[in-house]
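Participant: This is upload39.txt, which holds compact mmCIF, C-alpha atoms:
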# COMPACT_ATOMS: atom_id res chain seq x y z
CA MET A 1 84.70 174.03 -28.11
CA VAL A 2 87.68 173.53 -30.40
CA SER A 3 91.04 174.52 -28.96
CA ASP A 4 94.11 175.50 -30.94
CA GLY A 5 96.27 174.45 -27.98
CA ILE A 6 96.81 177.99 -26.70
CA ASP A 7 95.42 176.97 -23.32
CA ARG A 8 98.42 174.64 -22.92
CA LEU A 9 101.08 177.06 -24.14
CA GLY A 10 102.59 177.88 -20.75
CA PHE A 11 102.70 174.22 -19.75
CA LEU A 12 104.28 173.22 -23.06
CA ILE A 13 106.96 175.92 -22.85
CA HIS A 14 107.70 174.94 -19.26
CA ASP A 15 107.82 171.21 -20.07
CA VAL A 16 110.13 171.70 -23.05
CA GLN A 17 112.46 173.89 -20.98
CA ARG A 18 112.46 171.39 -18.10
CA LEU A 19 113.09 168.37 -20.36
CA MET A 20 115.84 170.13 -22.32
CA ARG A 21 117.52 171.27 -19.09
CA LYS A 22 117.31 167.75 -17.67
CA ARG A 23 118.89 166.22 -20.77
CA PHE A 24 121.55 168.91 -20.89
CA GLU A 25 122.41 168.47 -17.20
CA ALA A 26 122.74 164.70 -17.64
CA ARG A 27 125.22 165.19 -20.49
CA ALA A 28 127.10 168.09 -18.91
CA SER A 29 127.47 166.43 -15.50
CA GLY A 30 130.97 165.25 -16.38
CA LEU A 31 132.18 168.85 -16.42
CA GLY A 32 131.87 169.09 -12.65
CA LEU A 33 129.55 172.10 -12.69
CA SER A 34 126.13 172.47 -11.08
CA SER A 35 123.31 173.84 -13.20
CA ALA A 36 123.64 177.20 -11.42
CA GLN A 37 127.36 177.24 -12.21
CA TRP A 38 126.98 176.47 -15.88
CA ARG A 39 124.24 179.12 -16.16
CA LEU A 40 126.68 181.63 -14.66
CA LEU A 41 129.48 180.43 -16.94
CA VAL A 42 127.29 180.90 -20.03
CA ARG A 43 126.28 184.41 -18.94
CA VAL A 44 129.89 185.43 -18.34
CA ALA A 45 130.92 183.90 -21.68
CA LYS A 46 128.32 186.10 -23.37
CA GLU A 47 129.46 189.20 -21.47
CA ASP A 48 133.03 188.67 -20.26
CA GLY A 49 133.89 191.29 -17.67
CA VAL A 50 130.32 191.61 -16.43
CA ALA A 51 129.87 193.30 -13.07
CA GLN A 52 128.96 190.88 -10.31
CA ALA A 53 125.82 192.89 -9.44
CA ARG A 54 124.71 192.80 -13.09
CA LEU A 55 125.26 189.06 -13.12
CA ALA A 56 122.77 188.71 -10.25
CA GLU A 57 120.20 190.61 -12.35
CA LEU A 58 120.85 188.49 -15.43
CA LEU A 59 120.57 185.24 -13.48
CA GLU A 60 117.58 186.54 -11.51
CA ILE A 61 119.08 185.55 -8.16
CA GLU A 62 120.04 187.51 -5.07
CA PRO A 63 123.46 189.24 -5.06
CA ILE A 64 124.59 187.24 -1.99
CA SER A 65 123.80 183.99 -3.83
CA VAL A 66 125.83 185.15 -6.83
CA SER A 67 128.68 186.06 -4.50
CA ARG A 68 128.75 182.54 -3.05
CA LEU A 69 128.48 180.99 -6.48
CA VAL A 70 131.33 183.16 -7.77
CA ASP A 71 133.41 182.23 -4.69
CA ARG A 72 133.04 178.52 -5.46
CA MET A 73 133.73 178.98 -9.15
CA GLU A 74 136.77 181.12 -8.46
CA GLU A 75 138.12 178.47 -6.08
CA GLY A 76 137.57 175.87 -8.82
CA GLY A 77 139.53 177.94 -11.35
CA TRP A 78 136.50 178.65 -13.57
CA ILE A 79 136.30 182.41 -13.23
CA GLU A 80 138.37 185.31 -12.02
CA ARG A 81 137.30 188.49 -10.23
CA ARG A 82 138.92 191.80 -11.04
CA SER A 83 138.26 195.28 -9.76
CA ASP A 84 136.75 197.72 -12.22
CA ALA A 85 139.30 200.32 -13.31
CA ALA A 86 136.75 203.14 -12.91
CA ASP A 87 135.35 201.99 -9.54
CA ARG A 88 137.43 199.59 -7.47
CA ARG A 89 134.35 198.63 -5.40
CA VAL A 90 132.81 197.02 -8.50
CA ARG A 91 133.88 193.42 -9.09
CA MET A 92 134.09 192.32 -12.71
CA ILE A 93 133.84 188.61 -13.59
CA PHE A 94 135.96 187.00 -16.31
CA LEU A 95 136.26 183.46 -17.61
CA THR A 96 139.50 181.55 -17.20
CA PRO A 97 140.91 179.45 -20.06
CA LYS A 98 139.50 176.39 -18.25
CA ALA A 99 136.01 177.91 -18.41
CA SER A 100 136.41 178.96 -22.04
CA ASP A 101 137.21 175.36 -22.95
CA ALA A 102 134.20 174.14 -20.97
CA TYR A 103 131.99 176.73 -22.69
CA ALA A 104 132.86 175.25 -26.08
CA VAL A 105 131.79 171.83 -24.78
CA ILE A 106 128.60 173.31 -23.30
CA LYS A 107 127.68 174.91 -26.63
CA SER A 108 128.18 171.60 -28.39
CA ILE A 109 126.05 169.70 -25.87
CA ALA A 110 123.33 172.36 -26.07
CA GLY A 111 123.32 172.12 -29.87
CA GLU A 112 122.87 168.35 -29.66
CA VAL A 113 119.99 168.71 -27.20
CA TYR A 114 118.31 171.35 -29.39
CA GLU A 115 118.59 169.12 -32.45
CA GLU A 116 117.19 166.12 -30.55
CA SER A 117 114.29 168.22 -29.31
CA LEU A 118 113.47 169.29 -32.88
CA VAL A 119 113.59 165.85 -34.54
CA GLY A 120 110.57 165.61 -36.83
CA VAL A 121 110.07 169.38 -36.96
CA LYS A 122 110.51 170.61 -40.52
CA PRO A 123 112.85 173.56 -41.21
CA GLU A 124 109.95 175.94 -41.98
CA ALA A 125 108.18 174.97 -38.75
CA ARG A 126 111.45 175.54 -36.84
CA ARG A 127 111.73 179.02 -38.32
CA VAL A 128 108.12 179.82 -37.42
CA LEU A 129 108.65 178.46 -33.88
CA ILE A 130 111.69 180.69 -33.32
CA GLU A 131 109.91 183.72 -34.78
CA GLY A 132 106.91 183.08 -32.54
CA LEU A 133 109.04 182.74 -29.42
CA GLU A 134 110.99 185.90 -30.32
CA ALA A 135 107.69 187.78 -30.72
CA MET A 136 106.59 186.52 -27.30
CA VAL A 137 109.84 187.79 -25.76
CA ARG A 138 109.34 191.19 -27.40
CA ASN A 139 105.73 191.33 -26.22
CA LEU A 140 106.62 190.47 -22.63
CA THR A 141 109.81 192.50 -22.24
CA ASP A 142 109.18 195.72 -20.33
CA ASP A 143 112.48 197.56 -20.71
CA GLU A 144 114.24 194.65 -19.06
CA THR A 145 117.08 192.57 -20.35
CA PRO A 146 117.35 190.34 -22.26
CA SER A 147 116.23 192.31 -25.26
CA ILE A 148 115.30 190.36 -28.35
CA GLU A 149 118.76 191.15 -29.77
CA LYS A 150 120.34 189.43 -26.77
CA VAL A 151 117.99 186.48 -27.19
CA LYS A 152 119.17 186.15 -30.78
CA ASN A 153 122.80 186.36 -29.63
CA THR A 154 122.34 183.45 -27.23
CA GLU A 155 121.28 181.00 -29.93
CA GLY A 156 123.18 177.78 -29.47
CA ALA A 157 123.98 178.46 -25.83
CA ALA A 158 122.63 176.49 -22.89
CA ALA A 159 119.41 177.85 -21.46
Could you rewrite the structure in this file as structure tokens?

Facilitator:
Amino acid sequence: MVSDGIDRLGFLIHDVQRLMRKRFEARASGLGLSSAQWRLLVRVAKEDGVAQARLAELLEIEPISVSRLVDRMEEGGWIERRSDAADRRVRMIFLTPKASDAYAVIKSIAGEVYEESLVGVKPEARRVLIEGLEAMVRNLTDDETPSIEKVKNTEGAAA
């Protein structure tokens, strides 16, 4: 039986994600952020003023874990909590200037890692790869975020 590689798709996607994350983490380690912290920082950079509960959904972690993570990042001067003007019980998360500067560095590192991962892949094949992955996201998204538009908006960010 001839295989077109589809039987390895999940493993390949997982391996690429794992290897890219590992390379990114090695380069970003000098920023003093854990992988969970830089993931949170990137999410807040994409949606400054996001509600803390929404952040838990976006990161796919429990609200109490996000609360602890936000506590540590707030103590480190990375983010700031503010009460929502409409509902003071809701805590909104904002980047500090320190985090905004770090985000620029993170984007640059991520871009380098993406380019290294695509060495030898021709521009047309890159375009087809991105289109295929976007189609997979659309096919697997059941009214949950991120929508394909949000996936497109995160290009160049750390994943």

Participant: Point out the residue among A:Thr141, A:Val105, A:Leu58, A:Arg43 with the least atom-to-atom distance to Ile79 (chain A), counting only C-alpha atoms.

Facilitator: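 Once distances to Ile79 (chain A) are computed over only C-alpha atoms, the minimum belongs to A:Arg43.
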
Participant: Contacts of Ser100 (chain A) at 9 Å or less, counting all atoms listed in the file, minus same-chain residues fewer than 5 places along, as a VMD selection string?

Facilitator: chain A and resid 41 45 78 95 105

Participant: Smallest atom-to-atom distance to Lys46 (chain A): which of A:Ile93, A:Gly120, A:Arg138, A:Glu131, using only C-alpha atoms?

Facilitator: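 For Lys46 (chain A), the nearest of the given residues is A:Ile93.
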
Participant: Using all atoms listed in the file, which residue out of A:Gly49, A:Gly5, A:Gly76, A:Gly30 lies closest to Val90 (chain A)?

Facilitator: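 When distances to Val90 (chain A) are compared using all atoms listed in the file, the smallest one comes from A:Gly49.
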
Participant: Choose the residue, out of A:Phe24, A:Val137, A:Val44, A:Gln17, that has the smallest atom-to-atom separation from Ala99 (chain A); count only C-alpha atoms.

Facilitator: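 Nearest to Ala99 (chain A): A:Val44.
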
Participant: Counting all atoms listed in the file, which of A:Met92, A:Arg72, A:Met20, A:Ile6 gets nearest to Glu47 (chain A)?

Facilitator: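 Result for the nearest residue to Glu47 (chain A): A:Met92.
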
Participant: Show me the residues close to (119.3, 166.1, -21.4) - anything with an atom within 12 Å, counting all atoms listed in the file - and format the list as an MDAnalysis selection string.

Facilitator: chainID A and resid 16:29 35 106 109:117 158:159

Participant: Between CA of Ile64 (chain A) and CA of Tyr103 (chain A), what is the distance in Å, rounded to a tenth?

Facilitator: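 One can read the CA of Ile64 (chain A) to CA of Tyr103 (chain A) distance as 24.4 Å.
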
Participant: Give the answer as one residue: which of A:Met73, A:Ile13, A:Ala102, A:Ala86 has the shortest atom-to-atom distance to Leu129 (chain A), using all atoms listed in the file?

Facilitator: A:Ile13

Participant: Need to verify the contact set: Val70 (chain A), 12 Å, all atoms listed in the file, exclusion of same-chain residues closer than 4 positions in sequence. Can you return it as number ranges by chain?

Facilitator: A: 36-41, 44, 51-53, 55-56, 63-66, 74-82, 91-95

Participant: Please produce a file of those selected residues containing C-alpha atoms, as a PDB file, in the coordinates of the input.

Facilitator:
ATOM      1  CA  ALA A  36     123.640 177.200 -11.420  1.00  0.00           C
ATOM      2  CA  GLN A  37     127.360 177.240 -12.210  1.00  0.00           C
ATOM      3  CA  TRP A  38     126.980 176.470 -15.880  1.00  0.00           C
ATOM      4  CA  ARG A  39     124.240 179.120 -16.160  1.00  0.00           C
ATOM      5  CA  LEU A  40     126.680 181.630 -14.660  1.00  0.00           C
ATOM      6  CA  LEU A  41     129.480 180.430 -16.940  1.00  0.00           C
ATOM      7  CA  VAL A  44     129.890 185.430 -18.340  1.00  0.00           C
ATOM      8  CA  ALA A  51     129.870 193.300 -13.070  1.00  0.00           C
ATOM      9  CA  GLN A  52     128.960 190.880 -10.310  1.00  0.00           C
ATOM     10  CA  ALA A  53     125.820 192.890  -9.440  1.00  0.00           C
ATOM     11  CA  LEU A  55     125.260 189.060 -13.120  1.00  0.00           C
ATOM     12  CA  ALA A  56     122.770 188.710 -10.250  1.00  0.00           C
ATOM     13  CA  PRO A  63     123.460 189.240  -5.060  1.00  0.00           C
ATOM     14  CA  ILE A  64     124.590 187.240  -1.990  1.00  0.00           C
ATOM     15  CA  SER A  65     123.800 183.990  -3.830  1.00  0.00           C
ATOM     16  CA  VAL A  66     125.830 185.150  -6.830  1.00  0.00           C
ATOM     17  CA  GLU A  74     136.770 181.120  -8.460  1.00  0.00           C
ATOM     18  CA  GLU A  75     138.120 178.470  -6.080  1.00  0.00           C
ATOM     19  CA  GLY A  76     137.570 175.870  -8.820  1.00  0.00           C
ATOM     20  CA  GLY A  77     139.530 177.940 -11.350  1.00  0.00           C
ATOM     21  CA  TRP A  78     136.500 178.650 -13.570  1.00  0.00           C
ATOM     22  CA  ILE A  79     136.300 182.410 -13.230  1.00  0.00           C
ATOM     23  CA  GLU A  80     138.370 185.310 -12.020  1.00  0.00           C
ATOM     24  CA  ARG A  81     137.300 188.490 -10.230  1.00  0.00           C
ATOM     25  CA  ARG A  82     138.920 191.800 -11.040  1.00  0.00           C
ATOM     26  CA  ARG A  91     133.880 193.420  -9.090  1.00  0.00           C
ATOM     27  CA  MET A  92     134.090 192.320 -12.710  1.00  0.00           C
ATOM     28  CA  ILE A  93     133.840 188.610 -13.590  1.00  0.00           C
ATOM     29  CA  PHE A  94     135.960 187.000 -16.310  1.00  0.00           C
ATOM     30  CA  LEU A  95     136.260 183.460 -17.610  1.00  0.00           C
TER      31      LEU A  95
END

Participant: Can you complete the atoms of region 116-127 of chain A to all heavy atoms and list them as a compact mmCIF listing (two decimals), in the frame of the given file?

Facilitator:
# COMPACT_ATOMS: atom_id res chain seq x y z
N GLU A 116 118.01 167.25 -30.99
CA GLU A 116 117.19 166.12 -30.55
C GLU A 116 115.77 166.56 -30.25
O GLU A 116 114.81 165.84 -30.53
CB GLU A 116 117.80 165.46 -29.31
CG GLU A 116 119.07 164.72 -29.61
CD GLU A 116 119.81 164.28 -28.36
OE1 GLU A 116 119.22 164.28 -27.26
OE2 GLU A 116 121.00 163.95 -28.48
N SER A 117 115.63 167.74 -29.66
CA SER A 117 114.29 168.22 -29.31
C SER A 117 113.48 168.58 -30.56
O SER A 117 112.26 168.58 -30.51
CB SER A 117 114.38 169.42 -28.38
OG SER A 117 114.84 170.57 -29.06
N LEU A 118 114.15 168.85 -31.66
CA LEU A 118 113.47 169.29 -32.88
C LEU A 118 113.37 168.19 -33.94
O LEU A 118 112.96 168.48 -35.08
CB LEU A 118 114.17 170.52 -33.45
CG LEU A 118 114.02 171.78 -32.60
CD1 LEU A 118 115.00 172.85 -33.06
CD2 LEU A 118 112.60 172.29 -32.64
N VAL A 119 113.72 166.95 -33.59
CA VAL A 119 113.59 165.85 -34.54
C VAL A 119 112.13 165.78 -34.99
O VAL A 119 111.20 165.84 -34.17
CB VAL A 119 114.04 164.51 -33.92
CG1 VAL A 119 113.60 163.32 -34.76
CG2 VAL A 119 115.54 164.49 -33.72
N GLY A 120 111.93 165.70 -36.29
CA GLY A 120 110.57 165.61 -36.83
C GLY A 120 109.93 166.97 -37.08
O GLY A 120 108.82 167.03 -37.62
N VAL A 121 110.59 168.04 -36.70
CA VAL A 121 110.07 169.38 -36.96
C VAL A 121 110.77 169.90 -38.22
O VAL A 121 111.99 170.03 -38.26
CB VAL A 121 110.31 170.34 -35.76
CG1 VAL A 121 109.76 171.73 -36.06
CG2 VAL A 121 109.71 169.76 -34.49
N LYS A 122 109.97 170.19 -39.24
CA LYS A 122 110.51 170.61 -40.52
C LYS A 122 111.16 171.99 -40.40
O LYS A 122 110.80 172.79 -39.53
CB LYS A 122 109.39 170.66 -41.56
CG LYS A 122 108.83 169.28 -41.85
CD LYS A 122 107.73 169.33 -42.86
CE LYS A 122 107.22 167.91 -43.08
NZ LYS A 122 106.00 167.88 -43.88
N PRO A 123 112.14 172.27 -41.27
CA PRO A 123 112.85 173.56 -41.21
C PRO A 123 111.92 174.77 -41.18
O PRO A 123 112.16 175.71 -40.42
CB PRO A 123 113.72 173.55 -42.47
CG PRO A 123 113.97 172.09 -42.71
CD PRO A 123 112.70 171.39 -42.31
N GLU A 124 110.87 174.79 -41.97
CA GLU A 124 109.95 175.94 -41.98
C GLU A 124 109.24 176.06 -40.64
O GLU A 124 109.07 177.16 -40.11
CB GLU A 124 108.93 175.80 -43.12
CG GLU A 124 107.89 176.90 -43.13
CD GLU A 124 108.46 178.30 -43.36
OE1 GLU A 124 109.62 178.45 -43.78
OE2 GLU A 124 107.73 179.27 -43.09
N ALA A 125 108.84 174.93 -40.05
CA ALA A 125 108.18 174.97 -38.75
C ALA A 125 109.15 175.44 -37.67
O ALA A 125 108.76 176.15 -36.74
CB ALA A 125 107.60 173.59 -38.40
N ARG A 126 110.43 175.07 -37.78
CA ARG A 126 111.45 175.54 -36.84
C ARG A 126 111.56 177.06 -36.90
O ARG A 126 111.62 177.74 -35.89
CB ARG A 126 112.82 174.92 -37.13
CG ARG A 126 112.91 173.45 -36.82
CD ARG A 126 114.28 172.92 -37.16
NE ARG A 126 114.37 171.49 -36.90
CZ ARG A 126 115.50 170.85 -36.68
NH1 ARG A 126 116.65 171.50 -36.70
NH2 ARG A 126 115.50 169.54 -36.45
N ARG A 127 111.61 177.57 -38.13
CA ARG A 127 111.73 179.02 -38.32
C ARG A 127 110.52 179.74 -37.71
O ARG A 127 110.67 180.74 -36.99
CB ARG A 127 111.85 179.35 -39.81
CG ARG A 127 112.12 180.82 -40.10
CD ARG A 127 112.06 181.14 -41.58
NE ARG A 127 110.75 180.89 -42.17
CZ ARG A 127 109.66 181.63 -41.96
NH1 ARG A 127 109.72 182.67 -41.17
NH2 ARG A 127 108.52 181.32 -42.54
